[in-house]
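Okay, entry_37.cif now, which holds mmCIF, C-alpha atoms and all ligand atoms:
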```
data_entry
loop_
_atom_site.group_PDB
_atom_site.id
_atom_site.type_symbol
_atom_site.label_atom_id
_atom_site.label_comp_id
_atom_site.auth_asym_id
_atom_site.auth_seq_id
_atom_site.Cartn_x
_atom_site.Cartn_y
_atom_site.Cartn_z
ATOM 1 C CA MET H 1 149.578 -2.163 115.051
ATOM 2 C CA GLY H 2 152.221 -4.391 113.487
ATOM 3 C CA VAL H 3 153.940 -3.478 110.245
ATOM 4 C CA ARG H 4 155.626 -6.848 109.743
ATOM 5 C CA THR H 5 154.590 -8.518 106.502
ATOM 6 C CA ASP H 6 156.303 -11.060 104.217
ATOM 7 C CA PHE H 7 157.846 -8.861 101.516
ATOM 8 C CA ILE H 8 158.990 -5.333 100.737
ATOM 9 C CA TRP H 9 159.620 -4.232 97.160
ATOM 10 C CA MET H 10 163.123 -2.749 96.895
ATOM 11 C CA ASP H 11 164.711 -1.332 93.753
ATOM 12 C CA GLY H 12 162.723 -3.599 91.451
ATOM 13 C CA ALA H 13 162.685 -6.858 93.406
ATOM 14 C CA MET H 14 160.545 -8.402 96.131
ATOM 15 C CA VAL H 15 162.742 -8.786 99.237
ATOM 16 C CA PRO H 16 161.869 -10.710 102.435
ATOM 17 C CA TRP H 17 160.709 -8.212 105.086
ATOM 18 C CA ASP H 18 163.697 -8.594 107.427
ATOM 19 C CA GLN H 19 166.206 -8.293 104.589
ATOM 20 C CA ALA H 20 164.848 -4.931 103.379
ATOM 21 C CA ASN H 21 167.670 -3.022 105.067
ATOM 22 C CA VAL H 22 169.879 -0.011 104.283
ATOM 23 C CA HIS H 23 173.374 1.084 105.299
ATOM 24 C CA VAL H 24 173.747 3.500 108.216
ATOM 25 C CA LEU H 25 175.379 6.015 105.848
ATOM 26 C CA THR H 26 172.182 6.213 103.771
ATOM 27 C CA HIS H 27 172.089 9.904 102.832
ATOM 28 C CA THR H 28 168.347 10.270 103.533
ATOM 29 C CA LEU H 29 168.848 9.055 107.095
ATOM 30 C CA HIS H 30 171.145 12.026 107.737
ATOM 31 C CA TYR H 31 169.557 14.860 105.763
ATOM 32 C CA GLY H 32 165.882 13.923 105.334
ATOM 33 C CA VAL H 33 165.754 14.081 101.540
ATOM 34 C CA GLY H 34 163.362 11.268 100.816
ATOM 35 C CA VAL H 35 159.932 11.550 99.231
ATOM 36 C CA PHE H 36 157.059 9.273 100.049
ATOM 37 C CA GLU H 37 153.384 8.508 99.716
ATOM 38 C CA GLY H 38 150.631 7.050 101.833
ATOM 39 C CA ILE H 39 148.052 5.136 99.822
ATOM 40 C CA ARG H 40 145.168 2.912 100.872
ATOM 41 C CA ALA H 41 143.726 -0.257 99.379
ATOM 42 C CA TYR H 42 140.192 -1.252 100.310
ATOM 43 C CA GLU H 43 138.099 -4.402 100.068
ATOM 44 C CA CYS H 44 135.247 -3.828 97.643
ATOM 45 C CA THR H 45 131.729 -5.114 98.158
ATOM 46 C CA ASP H 46 131.996 -7.346 95.052
ATOM 47 C CA GLY H 47 134.837 -9.354 96.647
ATOM 48 C CA SER H 48 137.695 -7.720 94.709
ATOM 49 C CA SER H 49 140.067 -5.115 96.157
ATOM 50 C CA ALA H 50 141.006 -1.661 94.943
ATOM 51 C CA VAL H 51 143.815 0.830 95.460
ATOM 52 C CA PHE H 52 142.294 4.292 95.862
ATOM 53 C CA ARG H 53 143.518 6.929 93.365
ATOM 54 C CA LEU H 54 146.808 5.126 92.775
ATOM 55 C CA ASN H 55 147.695 7.207 89.709
ATOM 56 C CA GLU H 56 147.226 10.500 91.556
ATOM 57 C CA HIS H 57 149.456 9.250 94.404
ATOM 58 C CA ILE H 58 152.202 8.122 92.017
ATOM 59 C CA GLU H 59 151.936 11.437 90.184
ATOM 60 C CA ARG H 60 152.384 13.327 93.464
ATOM 61 C CA LEU H 61 155.289 11.031 94.428
ATOM 62 C CA LEU H 62 157.109 11.711 91.164
ATOM 63 C CA GLY H 63 156.286 15.419 91.500
ATOM 64 C CA SER H 64 157.856 15.443 94.975
ATOM 65 C CA ALA H 65 160.957 13.713 93.555
ATOM 66 C CA LYS H 66 161.163 16.306 90.795
ATOM 67 C CA VAL H 67 160.970 19.152 93.299
ATOM 68 C CA MET H 68 163.867 17.596 95.217
ATOM 69 C CA GLY H 69 165.890 16.995 92.062
ATOM 70 C CA MET H 70 165.857 13.209 92.459
ATOM 71 C CA LYS H 71 166.165 11.174 89.276
ATOM 72 C CA VAL H 72 163.888 8.185 89.773
ATOM 73 C CA PRO H 73 165.001 5.017 87.991
ATOM 74 C CA PHE H 74 161.409 3.729 87.551
ATOM 75 C CA SER H 75 158.448 4.919 85.474
ATOM 76 C CA HIS H 76 155.014 5.919 86.743
ATOM 77 C CA GLU H 77 153.529 2.631 85.522
ATOM 78 C CA GLN H 78 156.347 0.529 87.016
ATOM 79 C CA LEU H 79 155.824 2.134 90.419
ATOM 80 C CA ALA H 80 152.031 1.781 90.257
ATOM 81 C CA GLU H 81 152.358 -1.859 89.274
ATOM 82 C CA ALA H 82 154.904 -2.452 92.049
ATOM 83 C CA CYS H 83 152.419 -1.126 94.640
ATOM 84 C CA VAL H 84 149.822 -3.664 93.516
ATOM 85 C CA GLU H 85 152.409 -6.452 93.322
ATOM 86 C CA THR H 86 153.553 -5.736 96.888
ATOM 87 C CA LEU H 87 149.967 -6.002 98.161
ATOM 88 C CA LYS H 88 149.550 -9.287 96.297
ATOM 89 C CA ALA H 89 152.900 -10.707 97.489
ATOM 90 C CA ASN H 90 151.726 -10.069 101.046
ATOM 91 C CA LYS H 91 148.239 -11.493 100.349
ATOM 92 C CA MET H 92 146.656 -8.240 101.432
ATOM 93 C CA THR H 93 143.099 -7.503 100.331
ATOM 94 C CA ALA H 94 143.271 -4.110 102.067
ATOM 95 C CA GLY H 95 145.905 -2.002 103.763
ATOM 96 C CA TYR H 96 148.242 0.942 103.626
ATOM 97 C CA ILE H 97 150.947 1.322 100.967
ATOM 98 C CA ARG H 98 154.124 3.304 101.640
ATOM 99 C CA PRO H 99 156.372 3.997 98.646
ATOM 100 C CA LEU H 100 159.605 5.784 99.610
ATOM 101 C CA ILE H 101 162.144 7.217 97.194
ATOM 102 C CA PHE H 102 165.409 7.853 99.000
ATOM 103 C CA ILE H 103 169.056 8.616 98.469
ATOM 104 C CA GLY H 104 171.275 5.652 99.172
ATOM 105 C CA SER H 105 174.840 5.371 100.393
ATOM 106 C CA GLY H 106 178.369 4.547 99.390
ATOM 107 C CA GLU H 107 179.515 7.451 97.239
ATOM 108 C CA ALA H 108 179.492 10.659 99.256
ATOM 109 C CA MET H 109 178.425 12.201 102.525
ATOM 110 C CA GLY H 110 177.726 15.890 103.071
ATOM 111 C CA VAL H 111 174.744 18.030 102.227
ATOM 112 C CA ASN H 112 175.065 17.504 98.481
ATOM 113 C CA PRO H 113 173.499 14.104 97.696
ATOM 114 C CA GLY H 114 176.071 13.875 94.909
ATOM 115 C CA PRO H 115 176.471 10.585 93.112
ATOM 116 C CA ASN H 116 174.690 8.429 95.710
ATOM 117 C CA PRO H 117 172.052 6.201 94.078
ATOM 118 C CA VAL H 118 168.346 7.112 94.095
ATOM 119 C CA ARG H 119 166.568 4.083 95.508
ATOM 120 C CA VAL H 120 162.940 3.047 95.900
ATOM 121 C CA ALA H 121 161.190 0.891 98.485
ATOM 122 C CA ILE H 122 157.503 -0.010 98.746
ATOM 123 C CA ALA H 123 156.143 -1.468 101.969
ATOM 124 C CA VAL H 124 152.563 -2.364 102.841
ATOM 125 C CA TRP H 125 150.954 -2.987 106.193
ATOM 126 C CA PRO H 126 147.500 -3.374 107.699
ATOM 127 C CA TRP H 127 146.124 -0.078 109.005
ATOM 128 C CA GLY H 128 142.692 0.476 110.477
ATOM 129 C CA ALA H 129 141.252 3.895 111.307
ATOM 130 C CA TYR H 130 144.304 6.163 111.875
ATOM 131 C CA LEU H 131 142.787 8.112 114.761
ATOM 132 C CA GLY H 132 140.785 5.166 116.112
ATOM 133 C CA ALA H 133 137.571 3.570 114.802
ATOM 134 C CA GLU H 134 135.529 5.503 117.349
ATOM 135 C CA ALA H 135 136.961 8.793 116.057
ATOM 136 C CA LEU H 136 135.223 8.368 112.699
ATOM 137 C CA GLU H 137 131.862 8.719 114.481
ATOM 138 C CA ARG H 138 132.580 10.629 117.710
ATOM 139 C CA GLY H 139 135.180 13.000 116.373
ATOM 140 C CA ILE H 140 138.492 13.973 117.928
ATOM 141 C CA ARG H 141 139.810 16.646 120.274
ATOM 142 C CA ILE H 142 142.573 18.802 118.819
ATOM 143 C CA CYS H 143 144.662 21.820 119.762
ATOM 144 C CA THR H 144 146.234 24.663 117.862
ATOM 145 C CA SER H 145 149.900 23.727 117.712
ATOM 146 C CA SER H 146 152.633 25.874 119.210
ATOM 147 C CA TYR H 147 154.576 24.944 116.053
ATOM 148 C CA THR H 148 153.937 26.886 112.834
ATOM 149 C CA ARG H 149 153.580 25.066 109.511
ATOM 150 C CA HIS H 150 156.417 25.617 107.048
ATOM 151 C CA HIS H 151 156.757 28.831 105.097
ATOM 152 C CA VAL H 152 156.568 28.051 101.366
ATOM 153 C CA ASN H 153 160.100 29.261 100.874
ATOM 154 C CA VAL H 154 161.586 27.370 103.810
ATOM 155 C CA MET H 155 160.397 23.930 102.813
ATOM 156 C CA MET H 156 158.769 22.772 99.617
ATOM 157 C CA THR H 157 155.347 22.381 101.160
ATOM 158 C CA LYS H 158 153.651 20.726 98.178
ATOM 159 C CA ALA H 159 156.272 18.001 98.047
ATOM 160 C CA LYS H 160 155.794 15.111 100.459
ATOM 161 C CA VAL H 161 159.359 15.126 101.749
ATOM 162 C CA ALA H 162 160.494 13.087 104.755
ATOM 163 C CA GLY H 163 162.303 16.070 106.305
ATOM 164 C CA ASN H 164 159.133 18.187 106.198
ATOM 165 C CA TYR H 165 157.629 15.773 108.697
ATOM 166 C CA VAL H 166 159.943 16.835 111.529
ATOM 167 C CA ASN H 167 157.479 19.708 111.889
ATOM 168 C CA SER H 168 154.563 17.241 111.917
ATOM 169 C CA VAL H 169 156.256 14.997 114.501
ATOM 170 C CA LEU H 170 156.860 17.975 116.809
ATOM 171 C CA ALA H 171 153.227 19.074 116.507
ATOM 172 C CA LYS H 172 151.765 15.571 116.889
ATOM 173 C CA THR H 173 153.863 14.548 119.904
ATOM 174 C CA GLU H 174 153.157 17.868 121.622
ATOM 175 C CA ALA H 175 149.411 17.433 121.042
ATOM 176 C CA LEU H 176 149.453 13.855 122.375
ATOM 177 C CA ALA H 177 151.536 14.829 125.414
ATOM 178 C CA ASP H 178 149.002 17.559 126.191
ATOM 179 C CA GLY H 179 146.125 15.066 126.030
ATOM 180 C CA TYR H 180 144.764 15.877 122.574
ATOM 181 C CA ASP H 181 144.330 13.510 119.622
ATOM 182 C CA GLU H 182 145.873 15.688 116.926
ATOM 183 C CA ALA H 183 147.337 19.134 116.218
ATOM 184 C CA LEU H 184 146.075 21.924 113.994
ATOM 185 C CA LEU H 185 148.937 23.924 112.502
ATOM 186 C CA LEU H 186 148.699 27.554 111.428
ATOM 187 C CA ASP H 187 150.649 28.953 108.486
ATOM 188 C CA PRO H 188 153.382 31.567 109.048
ATOM 189 C CA THR H 189 150.831 34.393 108.698
ATOM 190 C CA GLY H 190 148.522 32.849 111.302
ATOM 191 C CA TYR H 191 145.833 31.330 109.094
ATOM 192 C CA VAL H 192 144.724 27.735 109.538
ATOM 193 C CA ALA H 193 146.881 25.426 107.396
ATOM 194 C CA GLU H 194 146.429 21.703 108.101
ATOM 195 C CA GLY H 195 146.877 18.887 110.597
ATOM 196 C CA SER H 196 150.147 17.025 111.158
ATOM 197 C CA GLY H 197 149.065 14.563 108.452
ATOM 198 C CA GLU H 198 145.640 15.799 107.340
ATOM 199 C CA ASN H 199 143.905 18.598 105.474
ATOM 200 C CA VAL H 200 141.177 20.482 107.318
ATOM 201 C CA PHE H 201 137.613 21.537 106.482
ATOM 202 C CA ILE H 202 134.978 23.577 108.319
ATOM 203 C CA VAL H 203 131.239 23.921 107.672
ATOM 204 C CA LYS H 204 129.144 27.002 108.435
ATOM 205 C CA LYS H 205 125.487 27.325 107.435
ATOM 206 C CA GLY H 206 125.873 24.502 104.931
ATOM 207 C CA VAL H 207 128.908 26.020 103.177
ATOM 208 C CA ILE H 208 132.097 23.947 103.259
ATOM 209 C CA LYS H 209 135.386 25.809 103.564
ATOM 210 C CA THR H 210 138.953 24.536 103.277
ATOM 211 C CA PRO H 211 142.265 26.419 103.009
ATOM 212 C CA PRO H 212 143.521 26.988 99.446
ATOM 213 C CA LEU H 213 146.583 25.164 98.115
ATOM 214 C CA THR H 214 149.045 27.789 99.266
ATOM 215 C CA SER H 215 151.291 26.267 101.924
ATOM 216 C CA ILE H 216 149.503 22.931 102.412
ATOM 217 C CA LEU H 217 149.911 19.492 100.922
ATOM 218 C CA ALA H 218 147.529 18.986 97.991
ATOM 219 C CA GLY H 219 145.673 16.143 99.661
ATOM 220 C CA ILE H 220 144.140 13.544 97.417
ATOM 221 C CA THR H 221 141.397 12.875 99.977
ATOM 222 C CA ARG H 222 140.805 16.658 100.099
ATOM 223 C CA ASP H 223 140.338 16.674 96.329
ATOM 224 C CA SER H 224 138.052 13.615 96.511
ATOM 225 C CA LEU H 225 135.861 15.187 99.225
ATOM 226 C CA ILE H 226 135.587 18.489 97.344
ATOM 227 C CA THR H 227 134.439 16.580 94.236
ATOM 228 C CA LEU H 228 131.928 14.485 96.205
ATOM 229 C CA ALA H 229 130.633 17.501 98.165
ATOM 230 C CA LYS H 230 129.949 19.456 94.988
ATOM 231 C CA GLU H 231 128.142 16.458 93.533
ATOM 232 C CA LEU H 232 126.006 16.270 96.679
ATOM 233 C CA GLY H 233 125.062 19.913 96.055
ATOM 234 C CA TYR H 234 127.181 21.628 98.712
ATOM 235 C CA GLU H 235 128.937 24.920 98.063
ATOM 236 C CA VAL H 236 132.690 24.473 98.615
ATOM 237 C CA VAL H 237 135.030 27.434 98.960
ATOM 238 C CA GLU H 238 138.821 27.294 99.106
ATOM 239 C CA GLN H 239 139.630 30.274 101.281
ATOM 240 C CA LEU H 240 141.928 31.220 104.150
ATOM 241 C CA PHE H 241 140.338 31.276 107.583
ATOM 242 C CA THR H 242 141.433 31.785 111.182
ATOM 243 C CA ARG H 243 141.261 29.566 114.242
ATOM 244 C CA ASP H 244 138.378 31.556 115.732
ATOM 245 C CA GLU H 245 136.345 30.747 112.630
ATOM 246 C CA VAL H 246 136.905 27.069 113.459
ATOM 247 C CA TYR H 247 135.673 27.681 117.044
ATOM 248 C CA MET H 248 132.462 29.160 115.603
ATOM 249 C CA ALA H 249 131.959 26.573 112.848
ATOM 250 C CA ASP H 250 128.967 24.216 112.819
ATOM 251 C CA GLU H 251 131.285 21.324 111.907
ATOM 252 C CA ALA H 252 134.975 20.700 111.332
ATOM 253 C CA PHE H 253 136.784 17.644 110.017
ATOM 254 C CA PHE H 254 140.154 16.365 108.874
ATOM 255 C CA SER H 255 140.799 14.503 105.629
ATOM 256 C CA GLY H 256 143.659 12.247 104.674
ATOM 257 C CA THR H 257 144.536 8.836 103.330
ATOM 258 C CA ALA H 258 145.216 7.565 106.835
ATOM 259 C CA ALA H 259 142.595 9.707 108.631
ATOM 260 C CA GLU H 260 139.954 9.283 105.868
ATOM 261 C CA LEU H 261 137.270 11.728 107.062
ATOM 262 C CA THR H 262 137.676 12.250 110.795
ATOM 263 C CA PRO H 263 135.312 14.740 112.451
ATOM 264 C CA ILE H 264 136.799 17.257 114.908
ATOM 265 C CA ARG H 265 134.635 17.700 117.960
ATOM 266 C CA GLU H 266 136.788 20.144 119.916
ATOM 267 C CA LEU H 267 139.530 22.681 119.169
ATOM 268 C CA ASP H 268 141.430 24.288 122.058
ATOM 269 C CA ARG H 269 138.730 23.109 124.512
ATOM 270 C CA ARG H 270 135.931 24.783 122.540
ATOM 271 C CA VAL H 271 133.233 22.312 121.484
ATOM 272 C CA ILE H 272 132.526 22.610 117.771
ATOM 273 C CA GLY H 273 128.863 22.480 116.754
ATOM 274 C CA GLU H 274 127.059 19.606 118.454
ATOM 275 C CA GLY H 275 130.328 18.018 119.600
ATOM 276 C CA HIS H 276 130.174 14.972 117.346
ATOM 277 C CA ALA H 277 130.059 14.130 113.631
ATOM 278 C CA GLY H 278 127.669 16.591 111.984
ATOM 279 C CA PRO H 279 125.334 15.994 109.030
ATOM 280 C CA VAL H 280 127.770 17.222 106.368
ATOM 281 C CA ALA H 281 130.643 15.118 107.719
ATOM 282 C CA LYS H 282 128.345 12.080 107.860
ATOM 283 C CA ALA H 283 127.053 12.585 104.314
ATOM 284 C CA LEU H 284 130.572 13.005 102.934
ATOM 285 C CA GLN H 285 131.913 10.080 104.935
ATOM 286 C CA ALA H 286 129.146 7.836 103.552
ATOM 287 C CA ALA H 287 129.776 9.019 99.981
ATOM 288 C CA PHE H 288 133.538 8.527 100.399
ATOM 289 C CA PHE H 289 133.270 4.988 101.790
ATOM 290 C CA LYS H 290 130.836 4.040 98.998
ATOM 291 C CA VAL H 291 133.386 5.150 96.414
ATOM 292 C CA VAL H 292 136.389 3.386 97.989
ATOM 293 C CA LYS H 293 134.416 0.145 98.281
ATOM 294 C CA GLY H 294 133.518 0.282 94.605
ATOM 295 C CA GLU H 295 129.813 0.912 95.204
ATOM 296 C CA ASN H 296 129.624 4.052 93.056
ATOM 297 C CA PRO H 297 130.300 3.240 89.373
ATOM 298 C CA ALA H 298 130.657 6.966 88.554
ATOM 299 C CA TYR H 299 134.062 6.862 90.279
ATOM 300 C CA ALA H 300 135.321 3.545 88.917
ATOM 301 C CA ASN H 301 138.308 5.396 87.443
ATOM 302 C CA TRP H 302 139.495 6.293 90.982
ATOM 303 C CA LEU H 303 140.023 2.589 91.711
ATOM 304 C CA ARG H 304 142.823 0.318 90.582
ATOM 305 C CA ARG H 305 141.168 -3.080 91.045
ATOM 306 C CA TYR H 306 143.104 -6.215 91.901
ATOM 307 C CA SER H 307 142.414 -9.702 93.187
ATOM 308 C CA LEU H 308 144.708 -12.090 95.008
HETATM 309 N N1 LIG H 401 148.600 17.176 104.831
HETATM 310 C C1 LIG H 401 149.663 16.507 105.294
HETATM 311 C C2 LIG H 401 150.743 17.244 105.984
HETATM 312 C C3 LIG H 401 149.735 15.104 105.126
HETATM 313 O O1 LIG H 401 150.793 14.416 105.580
HETATM 314 C C4 LIG H 401 148.674 14.422 104.492
HETATM 315 C C5 LIG H 401 148.728 12.926 104.322
HETATM 316 N N2 LIG H 401 149.351 12.561 103.115
HETATM 317 C C6 LIG H 401 147.581 15.177 104.029
HETATM 318 C C7 LIG H 401 147.582 16.557 104.223
HETATM 319 C C8 LIG H 401 146.436 14.525 103.333
HETATM 320 O O2 LIG H 401 146.810 14.080 102.048
HETATM 321 P P1 LIG H 401 146.123 12.816 101.374
HETATM 322 O O3 LIG H 401 144.655 13.039 101.430
HETATM 323 O O4 LIG H 401 146.639 12.818 99.977
HETATM 324 O O5 LIG H 401 146.541 11.625 102.136
#
```
Could you spell out this file's structure in structure tokens?
Ligand code: PMP
Amino acid sequence: MGVRTDFIWMDGAMVPWDQANVHVLTHTLHYGVGVFEGIRAYECTDGSSAVFRLNEHIERLLGSAKVMGMKVPFSHEQLAEACVETLKANKMTAGYIRPLIFIGSGEAMGVNPGPNPVRVAIAVWPWGAYLGAEALERGIRICTSSYTRHHVNVMMTKAKVAGNYVNSVLAKTEALADGYDEALLLDPTGYVAEGSGENVFIVKKGVIKTPPLTSILAGITRDSLITLAKELGYEVVEQLFTRDEVYMADEAFFSGTAAELTPIRELDRRVIGEGHAGPVAKALQAAFFKVVKGENPAYANWLRRYSL
């Protein structure tokens, strides 16, 4: 799917897409210290559009920058506004938003970022269902990765740092090469952690379980689904579990901005439950899509509305 649009926001200005370039000595390109977000905008049923939980994404972005010691030259509100402006400049009523805070070039090379400037870019592009439209209904086939998720004292796992994703790329490309759709990564003690770009949930006898926020990214979709599940009357527990518990679950699914709610129909060649989206996944998916399309007024504060 193409990512070419008209404009990319860079350091406070809207720049034509093919001029949004950086120097080859950009520090982030060498050492991976960049922090980013993935945010979605949806078309609402009333004809307007809405960015889903924009404030929470910007808060996490600035939190990631703080963890990495990056001094960001823009405020929360400036960055939030810039996301909306970039969608509008590209005439996009829906799509994916990618803010990236990175360390520029020109002052110093070496591990210490030193006096290089902290820069910000925001790109948008159209993005349908991350794991395929069919996956949202049929579910996907995944494998336990041979790669372990980061230890909390090796990488800052709650910060969404570019360099952390080397681990995700290894896991994802291995899974694809082996014929699976996605990887499930275990934490360094062997408990289930998350997908390469998703949080994970299982369901057993109507109880929903997801790993606690120990070594995983605090997913905003995860938080949204927990809130919606509780409102629908489900019991939700945040507790460590093992891969064999996933094999024996009635349902399993991934959550993420890109993946939305994607059911998992198989792990390591074991069919999970009925082998397709189960009733809990379907109920949560329906509730989630109602919210993002602006059909549930109780969650109006999760939407930053805009019109072209
Ligand atoms: N875990 C990882 C490793 C991710 O990259 C993502 C995607 N941002 C998630 C979980 C899900 O987070 P969110 O729901 O905020 O997109």
**Q.** Gap from atom CA of H:Cys143 to atom CA of H:Asp181 - Å, one decimal
**A.** 8.3 Å
**Q.** 12 Å contact set for H:Val169, only C-alpha atoms, chain neighbours under 6 positions out, as number ranges by chain
**A.** H: 145, 147, 149, 162-163, 175-177, 182-183, 185, 195-197
Q.
Residue by residue, what does the PyMOL selection byres (((chain H and resi 165) around 12) and not hetatm) grab here? Present the result as a VMD selection string.
A. chain H and resid 32 to 36 149 to 150 155 to 157 159 to 164 166 to 173 195 to 197 217
**Q.** Selection as a ChimeraX atom specification: residues within 9 Å of ligand LIG 401 (chain H) by all atoms listed in the file
**A.** /H:36-40,56-57,60,157,160,164-165,168,193-200,216-224,254-260
Selection export as a compact mmCIF listing (two decimals), in the frame of the given file, atoms kept: C-alpha atoms:
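Generated file (part_13.txt):
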```
# COMPACT_ATOMS: atom_id res chain seq x y z
CA PHE H 36 157.06 9.27 100.05
CA GLU H 37 153.38 8.51 99.72
CA GLY H 38 150.63 7.05 101.83
CA ILE H 39 148.05 5.14 99.82
CA ARG H 40 145.17 2.91 100.87
CA GLU H 56 147.23 10.50 91.56
CA HIS H 57 149.46 9.25 94.40
CA ARG H 60 152.38 13.33 93.46
CA THR H 157 155.35 22.38 101.16
CA LYS H 160 155.79 15.11 100.46
CA ASN H 164 159.13 18.19 106.20
CA TYR H 165 157.63 15.77 108.70
CA SER H 168 154.56 17.24 111.92
CA ALA H 193 146.88 25.43 107.40
CA GLU H 194 146.43 21.70 108.10
CA GLY H 195 146.88 18.89 110.60
CA SER H 196 150.15 17.02 111.16
CA GLY H 197 149.06 14.56 108.45
CA GLU H 198 145.64 15.80 107.34
CA ASN H 199 143.90 18.60 105.47
CA VAL H 200 141.18 20.48 107.32
CA ILE H 216 149.50 22.93 102.41
CA LEU H 217 149.91 19.49 100.92
CA ALA H 218 147.53 18.99 97.99
CA GLY H 219 145.67 16.14 99.66
CA ILE H 220 144.14 13.54 97.42
CA THR H 221 141.40 12.88 99.98
CA ARG H 222 140.80 16.66 100.10
CA ASP H 223 140.34 16.67 96.33
CA SER H 224 138.05 13.62 96.51
CA PHE H 254 140.15 16.36 108.87
CA SER H 255 140.80 14.50 105.63
CA GLY H 256 143.66 12.25 104.67
CA THR H 257 144.54 8.84 103.33
CA ALA H 258 145.22 7.56 106.84
CA ALA H 259 142.60 9.71 108.63
CA GLU H 260 139.95 9.28 105.87
```
Translate the PyMOL selection byres (((chain H and resi 271-284) around 10) and not hetatm) into a concrete residue list for this structure, as a short mmCIF file (atom, residue, chain, number, x, y, z; two decimals) with C-alpha atoms, in the coordinates of the input.
```
data_model
loop_
_atom_site.label_atom_id
_atom_site.label_comp_id
_atom_site.auth_asym_id
_atom_site.auth_seq_id
_atom_site.Cartn_x
_atom_site.Cartn_y
_atom_site.Cartn_z
CA ALA H 135 136.96 8.79 116.06
CA LEU H 136 135.22 8.37 112.70
CA GLU H 137 131.86 8.72 114.48
CA ARG H 138 132.58 10.63 117.71
CA GLY H 139 135.18 13.00 116.37
CA ILE H 140 138.49 13.97 117.93
CA ARG H 141 139.81 16.65 120.27
CA PHE H 201 137.61 21.54 106.48
CA ILE H 202 134.98 23.58 108.32
CA VAL H 203 131.24 23.92 107.67
CA LYS H 204 129.14 27.00 108.44
CA GLY H 206 125.87 24.50 104.93
CA VAL H 207 128.91 26.02 103.18
CA ILE H 208 132.10 23.95 103.26
CA SER H 224 138.05 13.62 96.51
CA LEU H 225 135.86 15.19 99.22
CA ILE H 226 135.59 18.49 97.34
CA LEU H 228 131.93 14.48 96.20
CA ALA H 229 130.63 17.50 98.16
CA LEU H 232 126.01 16.27 96.68
CA TYR H 234 127.18 21.63 98.71
CA VAL H 246 136.90 27.07 113.46
CA TYR H 247 135.67 27.68 117.04
CA MET H 248 132.46 29.16 115.60
CA ALA H 249 131.96 26.57 112.85
CA ASP H 250 128.97 24.22 112.82
CA GLU H 251 131.28 21.32 111.91
CA ALA H 252 134.98 20.70 111.33
CA PHE H 253 136.78 17.64 110.02
CA PHE H 254 140.15 16.36 108.87
CA LEU H 261 137.27 11.73 107.06
CA THR H 262 137.68 12.25 110.80
CA PRO H 263 135.31 14.74 112.45
CA ILE H 264 136.80 17.26 114.91
CA ARG H 265 134.64 17.70 117.96
CA GLU H 266 136.79 20.14 119.92
CA LEU H 267 139.53 22.68 119.17
CA ASP H 268 141.43 24.29 122.06
CA ARG H 269 138.73 23.11 124.51
CA ARG H 270 135.93 24.78 122.54
CA GLN H 285 131.91 10.08 104.94
CA ALA H 286 129.15 7.84 103.55
CA ALA H 287 129.78 9.02 99.98
CA PHE H 288 133.54 8.53 100.40
CA PHE H 289 133.27 4.99 101.79
CA LYS H 290 130.84 4.04 99.00
#
```
Q: Take atom CA of H:His23 and atom CA of H:Lys71 and report the distance between them in Å, one decimal.
A: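 Between atom CA of H:His23 and atom CA of H:Lys71 the gap is 20.3 Å.
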Q: Report the distance between atom CA of H:Thr189 and atom CA of H:Arg243 in Å, rounded to one decimal place.
A: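 These two atoms are separated by 12.1 Å.
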Shell of 9 Å around stretch 103-119 of chain H, only C-alpha atoms, local chain residues under 2 positions omitted, as a compact mmCIF listing (two decimals) with C-alpha atoms, keeping the file's coordinate frame:
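The new file part_26.txt reads:
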```txt
# COMPACT_ATOMS: atom_id res chain seq x y z
CA MET H 10 163.12 -2.75 96.90
CA ASP H 11 164.71 -1.33 93.75
CA VAL H 22 169.88 -0.01 104.28
CA HIS H 23 173.37 1.08 105.30
CA VAL H 24 173.75 3.50 108.22
CA LEU H 25 175.38 6.02 105.85
CA THR H 26 172.18 6.21 103.77
CA HIS H 27 172.09 9.90 102.83
CA THR H 28 168.35 10.27 103.53
CA LEU H 29 168.85 9.06 107.10
CA HIS H 30 171.14 12.03 107.74
CA TYR H 31 169.56 14.86 105.76
CA VAL H 33 165.75 14.08 101.54
CA GLY H 34 163.36 11.27 100.82
CA MET H 70 165.86 13.21 92.46
CA LYS H 71 166.16 11.17 89.28
CA VAL H 72 163.89 8.18 89.77
CA PRO H 73 165.00 5.02 87.99
CA LEU H 100 159.60 5.78 99.61
CA ILE H 101 162.14 7.22 97.19
CA ALA H 121 161.19 0.89 98.48
```
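If you measure from each of H:Asp187, H:Glu85, H:Asp178, H:Glu235 to H:Ile8 using only C-alpha atoms, the closest one turns out to be H:Glu85.
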(Q) Once the PyMOL selection byres (((chain H and resi 83) around 9) and not hetatm) has been evaluated on this model, what residues remain selected, and can you format them as number ranges by chain? (A) H: 9, 51, 54, 78-82, 84-88, 97-99, 122-124
Q: May I ask which of the residues H:Val120, H:Pro212, H:Gly190, H:Glu295 is the closest one to H:Gly12, counting all atoms listed in the file?
A: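 Ranked by minimum distance to H:Gly12, first place goes to H:Val120.
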Q) Between H:Lys91, H:Arg53, H:Arg305, H:Lys158, which one has atoms that come closest to H:Thr5, using all atoms listed in the file? A)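 The closest residue to H:Thr5 is H:Lys91.
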Q: Go through H:Leu308, H:Leu213, H:Thr144, H:Gly95 and flag the residue nearest H:Asp244, using all atoms listed in the file for the distances.
A: H:Thr144
Build an axis-aligned box that encloses every atom of stretch 36-39 of chain H listed in the file, pad it by 4 Å on each side, and report its centre and edge lengths in Å to one decimal, as lines of an AutoDock Vina configuration file.
```
center_x = 152.6
center_y = 7.2
center_z = 100.8
size_x = 17.0
size_y = 12.1
size_z = 10.1
```
